[in-house]
Amino acid sequence: MENQTEKKKIVFSAIQPSGTITLGNYLGALKNWVKMQDEFNCIFALADLHTITVRQEPAAFRKNICEAYASLLACGIDPEKSPFFIQSHVTTHAQLAWVLNCYTQFGELSRMTQFKDKSAKHADNVNAGLFTYPTLMAADILLYQADMVPVGADQKQHLELARNIAERFNGIYSPTFKVPDPYIAKSGARVMSLQDPLKKMSKSDENANSFVTLLDKPDGIMKKFKRAVTDSEARVAYGEGKDGINNLMSIYATITGKTYEQIEQEFDGKGYGDFKTAVGEAVVEELRPVQERFERYVADKAYMQECYKKSADFAQKLSQRTLDKAMKKIGFVLR
Ligand code: ATP
Ligand code: LTN
């Protein structure tokens with residue numbers, strides 16, 4: 001937290017504690033968060049307020065929050081460098097979200113594909129929070145005057161909305177919010193389901209074979225990769241109509257740093273079985289140290305509490321400045 005100097009760019013991102021963190025979350029977002037910590041002033045959050053847009057069972061929700069916090073520490077998020085707080089601990093998020101709701105059009109929110117997908121999936125609970133979720137996400141980002149937001153490709157539309165809201169507000173009043181840029185990595189930004197490679201890998205998929213979590217045991221990971229859906233061509237090569245193989249190649253490339261060409265050469269003349277084993281082994285090795293650290297963190301509740309408390313104090317102070325600035329411009333009388 002000491003290095004929050006003025007010059008470095010500000011990075012903000014968050015993840016929902018909606019289940020066990022997947023390989024998709026890790027490769028699409030978290031790996032980049034960890035890398036960005038030295039170069040930028042990073043601030044990270046567990047977006048627990050977002051998670052209740054889908055009904056949660058209280059005990060499981062509480063457990064998911066603790067485990068997600070420990071998982072991110074295990075991935076290498078260092079709260080000494082990058083404040084890492086729990087969204088509901090910082091009061092400004094819900095406050096600014098309300099304000100921004102009044103600067104967001106019904107039509108804009110209606111176009112969000114995540115809203116359409118999730119309301120189809122949870123047809124019995126299409127609540128107002130699910131609909132206004134992107135304004136809360138905009139508040140998260142704009143409160144910290146973030147320059148950059150590292151996310152997976154599925155969040156691009158929400159980021160564009162956050163930019164539009166910021167520009168609209170700045171246009172009505174005067175420059176108030178930094179207009180943030182998405183940071184979407186070239187590799188790993190869209191990890192697909194291992195069972196249906198046309199769908200994104202998601203922690204809330206009913207089919208557990210479709211995703212790999214950060215906490216899956218090595219033999220479980222190997223099994224899931226061996227069962228991964230591919231095609232009948234039996235040639236390890238990137239190409240149209242080979243979505244399953246393309247996905248495995250993308251996972252392997254993101255972890256090993258190899259190019260698709262190098263991978264094609266490496267598996268020239270070999271079958272899908274060998275390739276799937278290699279991808280599974282690469283994932284197991286990548287996750288091994290994360291899993292070891294997870295066990296230590298999750299057992300140390302006192303340390304986690306100290307980290308999220310300190311981080312929330314920092315975030316509350318910093319974000320209050322932006323909230324006050326915005327409210328003053330609107331005409332509110334500050335306390
Ligand atoms: P849910 O299944 O509950 O909707 P999720 O798995 O999509 O959750 P989030 O918590 O919404 O995960 O996302 C956290 C971060 O991980 C975001 O930056 C998101 O873009 C990224 N992400 C999620 N799924 C993938 C994926 N399959 N590939 C790459 N990045 C992903
Ligand atoms: N909406 C994101 C999680 C999220 C987020 C954010 C990401 C909540 N607030 C702010 C980046 C910045 C998701 O569901 N993946």
# chains A, B, ... in the order shown; residues from 1 in each chain; ligands from 1
>>> residues_near_ligand(ligand="ligand 1", cutoff="6 Å", atoms="only C-alpha atoms and all ligand atoms", output="PyMOL selection string")
chain A and resi 15-16+18+24-25+28-29+151-155+188-192+200-204
>>> closest_atom_pairs(of="chain A", to="ligand 2", cutoff="8 Å", atoms="only C-alpha atoms and all ligand atoms", output="CSV")
residue,atom,partner,partner_atom_place_in_ligand_line,distance
A:Phe12,CA,ligand 2,12 (C),6.1
A:Ser13,CA,ligand 2,12 (C),4.0
A:Ala14,CA,ligand 2,5 (C),4.1
A:Ile15,CA,ligand 2,3 (C),4.4
A:Gln16,CA,ligand 2,3 (C),5.5
A:Ala45,CA,ligand 2,9 (N),7.7
A:Leu46,CA,ligand 2,8 (C),7.7
A:Ala47,CA,ligand 2,8 (C),5.1
A:His50,CA,ligand 2,8 (C),6.4
A:Tyr133,CA,ligand 2,1 (N),7.6
A:Pro134,CA,ligand 2,1 (N),7.1
A:Leu136,CA,ligand 2,9 (N),7.0
A:Met137,CA,ligand 2,9 (N),4.1
A:Ala138,CA,ligand 2,10 (C),6.7
A:Ala139,CA,ligand 2,10 (C),8.0
A:Asp140,CA,ligand 2,10 (C),5.3
A:Ile141,CA,ligand 2,10 (C),5.4
A:Val149,CA,ligand 2,11 (C),6.0
A:Pro150,CA,ligand 2,11 (C),6.9
A:Val151,CA,ligand 2,11 (C),6.0
A:Gly152,CA,ligand 2,15 (N),7.5
A:Asp154,CA,ligand 2,15 (N),7.5
A:Gln155,CA,ligand 2,15 (N),6.1
A:His158,CA,ligand 2,1 (N),7.4
A:Leu159,CA,ligand 2,12 (C),7.8
>>> closest_residue(among="A:Ala166, A:Leu323, A:Ile52, A:Ile245", to="A:Ala128", atoms="only C-alpha atoms")
A:Ile52
>>> residues_around(residues="A:Phe61", least_positions_apart="3", cutoff="9 Å", atoms="only C-alpha atoms", output="list in words")
Pro17, Ser18, Gly19, Asp48, Thr51, Gln56, Glu57, Pro58, Asn64, Ile65 and Cys66 of chain A
>>> closest_residue(among="A:Ala68, A:Leu109, A:Leu318, A:Ile77", to="A:Thr20", atoms="only C-alpha atoms")
A:Ala68
>>> select_by_dssp(residues="stretch 256-301 of chain A", states="helix (DSSP H, G or I)", output="ChimeraX atom specification")
/A:256,260-266,272-299,301
>>> write_last_selection(atoms="N, CA, C and O atoms", output="short mmCIF file (atom, residue, chain, number, x, y, z; two decimals), in the first residue's frame")
data_model
loop_
_atom_site.label_atom_id
_atom_site.label_comp_id
_atom_site.auth_asym_id
_atom_site.auth_seq_id
_atom_site.Cartn_x
_atom_site.Cartn_y
_atom_site.Cartn_z
N THR A 256 2.19 -21.92 -21.00
CA THR A 256 3.60 -22.20 -21.31
C THR A 256 4.29 -21.02 -22.03
O THR A 256 5.51 -21.00 -22.10
N TYR A 260 1.19 -20.84 -31.13
CA TYR A 260 0.42 -21.94 -31.73
C TYR A 260 1.30 -22.76 -32.68
O TYR A 260 1.19 -23.98 -32.75
N GLU A 261 2.17 -22.08 -33.40
CA GLU A 261 3.07 -22.78 -34.32
C GLU A 261 3.96 -23.77 -33.58
O GLU A 261 4.13 -24.92 -34.00
N GLN A 262 4.53 -23.29 -32.48
CA GLN A 262 5.40 -24.18 -31.68
C GLN A 262 4.61 -25.38 -31.17
O GLN A 262 5.12 -26.50 -31.14
N ILE A 263 3.37 -25.14 -30.77
CA ILE A 263 2.55 -26.24 -30.24
C ILE A 263 2.25 -27.24 -31.36
O ILE A 263 2.33 -28.46 -31.17
N GLU A 264 1.93 -26.72 -32.54
CA GLU A 264 1.64 -27.62 -33.67
C GLU A 264 2.85 -28.49 -33.96
O GLU A 264 2.73 -29.70 -34.19
N GLN A 265 4.04 -27.89 -33.91
CA GLN A 265 5.27 -28.67 -34.16
C GLN A 265 5.48 -29.72 -33.08
O GLN A 265 5.80 -30.87 -33.36
N GLU A 266 5.28 -29.28 -31.84
CA GLU A 266 5.51 -30.18 -30.70
C GLU A 266 4.64 -31.44 -30.81
O GLU A 266 5.08 -32.53 -30.44
N TYR A 272 -4.59 -36.74 -30.14
CA TYR A 272 -5.21 -35.85 -29.16
C TYR A 272 -4.94 -36.31 -27.73
O TYR A 272 -4.88 -35.51 -26.82
N GLY A 273 -4.80 -37.65 -27.56
CA GLY A 273 -4.56 -38.18 -26.21
C GLY A 273 -3.31 -37.58 -25.60
O GLY A 273 -3.33 -37.10 -24.46
N ASP A 274 -2.21 -37.59 -26.38
CA ASP A 274 -0.94 -37.02 -25.89
C ASP A 274 -1.09 -35.54 -25.58
O ASP A 274 -0.58 -35.03 -24.59
N PHE A 275 -1.79 -34.87 -26.48
CA PHE A 275 -1.94 -33.42 -26.31
C PHE A 275 -2.74 -33.10 -25.05
O PHE A 275 -2.36 -32.26 -24.24
N LYS A 276 -3.85 -33.82 -24.88
CA LYS A 276 -4.69 -33.57 -23.70
C LYS A 276 -3.91 -33.83 -22.42
O LYS A 276 -4.04 -33.10 -21.43
N THR A 277 -3.08 -34.88 -22.42
CA THR A 277 -2.26 -35.17 -21.25
C THR A 277 -1.30 -34.02 -20.97
O THR A 277 -1.15 -33.58 -19.83
N ALA A 278 -0.69 -33.49 -22.04
CA ALA A 278 0.27 -32.39 -21.86
C ALA A 278 -0.43 -31.14 -21.32
O ALA A 278 0.10 -30.46 -20.42
N VAL A 279 -1.62 -30.85 -21.82
CA VAL A 279 -2.34 -29.66 -21.34
C VAL A 279 -2.71 -29.86 -19.87
O VAL A 279 -2.48 -28.98 -19.02
N GLY A 280 -3.23 -31.05 -19.54
CA GLY A 280 -3.60 -31.35 -18.16
C GLY A 280 -2.41 -31.21 -17.23
O GLY A 280 -2.50 -30.59 -16.17
N GLU A 281 -1.26 -31.75 -17.66
CA GLU A 281 -0.06 -31.68 -16.80
C GLU A 281 0.40 -30.23 -16.62
O GLU A 281 0.81 -29.83 -15.53
N ALA A 282 0.33 -29.45 -17.67
CA ALA A 282 0.74 -28.04 -17.57
C ALA A 282 -0.16 -27.31 -16.57
O ALA A 282 0.31 -26.51 -15.74
N VAL A 283 -1.46 -27.61 -16.60
CA VAL A 283 -2.40 -26.95 -15.68
C VAL A 283 -2.13 -27.41 -14.25
O VAL A 283 -2.07 -26.59 -13.32
N VAL A 284 -1.91 -28.72 -14.07
CA VAL A 284 -1.62 -29.24 -12.73
C VAL A 284 -0.39 -28.53 -12.15
O VAL A 284 -0.41 -28.07 -10.99
N GLU A 285 0.66 -28.41 -12.96
CA GLU A 285 1.90 -27.78 -12.46
C GLU A 285 1.70 -26.30 -12.17
O GLU A 285 2.23 -25.77 -11.21
N GLU A 286 0.92 -25.64 -13.01
CA GLU A 286 0.64 -24.21 -12.80
C GLU A 286 -0.12 -24.01 -11.48
O GLU A 286 0.13 -23.05 -10.75
N LEU A 287 -1.05 -24.92 -11.20
CA LEU A 287 -1.91 -24.73 -10.02
C LEU A 287 -1.31 -25.29 -8.73
O LEU A 287 -1.76 -24.93 -7.65
N ARG A 288 -0.30 -26.15 -8.86
CA ARG A 288 0.26 -26.80 -7.65
C ARG A 288 0.66 -25.78 -6.57
O ARG A 288 0.19 -25.86 -5.42
N PRO A 289 1.51 -24.79 -6.91
CA PRO A 289 1.90 -23.84 -5.85
C PRO A 289 0.72 -23.00 -5.35
O PRO A 289 0.68 -22.62 -4.17
N VAL A 290 -0.23 -22.71 -6.22
CA VAL A 290 -1.42 -21.94 -5.80
C VAL A 290 -2.20 -22.73 -4.76
O VAL A 290 -2.61 -22.20 -3.72
N GLN A 291 -2.34 -24.03 -5.00
CA GLN A 291 -3.11 -24.88 -4.07
C GLN A 291 -2.40 -25.00 -2.72
O GLN A 291 -3.04 -25.00 -1.67
N GLU A 292 -1.07 -25.08 -2.78
CA GLU A 292 -0.33 -25.18 -1.51
C GLU A 292 -0.50 -23.91 -0.69
O GLU A 292 -0.74 -23.95 0.52
N ARG A 293 -0.39 -22.78 -1.36
CA ARG A 293 -0.54 -21.50 -0.64
C ARG A 293 -1.98 -21.34 -0.15
O ARG A 293 -2.20 -20.80 0.93
N PHE A 294 -2.93 -21.80 -0.94
CA PHE A 294 -4.34 -21.67 -0.54
C PHE A 294 -4.56 -22.33 0.82
O PHE A 294 -5.19 -21.75 1.70
N GLU A 295 -4.02 -23.53 0.99
CA GLU A 295 -4.23 -24.25 2.25
C GLU A 295 -3.72 -23.43 3.44
O GLU A 295 -4.35 -23.39 4.49
N ARG A 296 -2.60 -22.76 3.24
CA ARG A 296 -2.05 -21.95 4.33
C ARG A 296 -2.93 -20.74 4.63
O ARG A 296 -3.25 -20.44 5.77
N TYR A 297 -3.33 -20.03 3.57
CA TYR A 297 -4.11 -18.81 3.79
C TYR A 297 -5.49 -19.10 4.38
O TYR A 297 -5.96 -18.38 5.26
N VAL A 298 -6.13 -20.12 3.86
CA VAL A 298 -7.51 -20.36 4.28
C VAL A 298 -7.57 -20.75 5.76
O VAL A 298 -8.58 -20.52 6.44
N ALA A 299 -6.45 -21.29 6.27
CA ALA A 299 -6.39 -21.69 7.67
C ALA A 299 -6.06 -20.49 8.57
O ALA A 299 -6.20 -20.56 9.79
N LYS A 301 -7.29 -17.30 9.35
CA LYS A 301 -8.39 -16.32 9.29
C LYS A 301 -7.94 -14.94 9.79
O LYS A 301 -8.36 -13.91 9.26
#
>>> closest_residue(among="A:Gly271, A:Asn170, A:Ala302, A:Thr135", to="A:Trp98", atoms="only C-alpha atoms")
A:Thr135
>>> atom_distance(atom1="atom CA of A:Ala59", atom2="atom CA of A:Leu214")
20.7 Å
>>> closest_residue(among="A:Ser71, A:Thr53, A:Asn41, A:Gln305", to="A:Ala146", atoms="only C-alpha atoms")
A:Asn41
>>> select_by_dssp(residues="stretch 144-188 of chain A", states="strand (DSSP E or B)", output="PDB file with C-alpha atoms, in the first residue's frame")
ATOM      1  CA  MET A 148      -7.205   0.407 -16.634  1.00  0.00           C
ATOM      2  CA  VAL A 149      -9.443  -2.527 -15.811  1.00  0.00           C
ATOM      3  CA  PRO A 150      -8.036  -6.033 -16.423  1.00  0.00           C
ATOM      4  CA  ASP A 181      -9.820   1.498 -20.560  1.00  0.00           C
ATOM      5  CA  PRO A 182     -10.390  -2.237 -20.527  1.00  0.00           C
ATOM      6  CA  TYR A 183      -7.258  -4.381 -20.381  1.00  0.00           C
TER       7      TYR A 183
END
>>> atom_distance(atom1="atom CA of A:Phe115", atom2="atom CA of A:Thr132")
9.0 Å
>>> atom_distance(atom1="atom CA of A:Val212", atom2="atom CA of A:Tyr26")
10.3 Å
>>> closest_residue(among="A:Leu143, A:Asp117, A:Phe169, A:Leu30", to="A:Gln316", atoms="only C-alpha atoms")
A:Leu143
>>> closest_residue(among="A:Cys75, A:Val90, A:Ala312, A:Ala326", to="A:Leu23", atoms="only C-alpha atoms")
A:Cys75
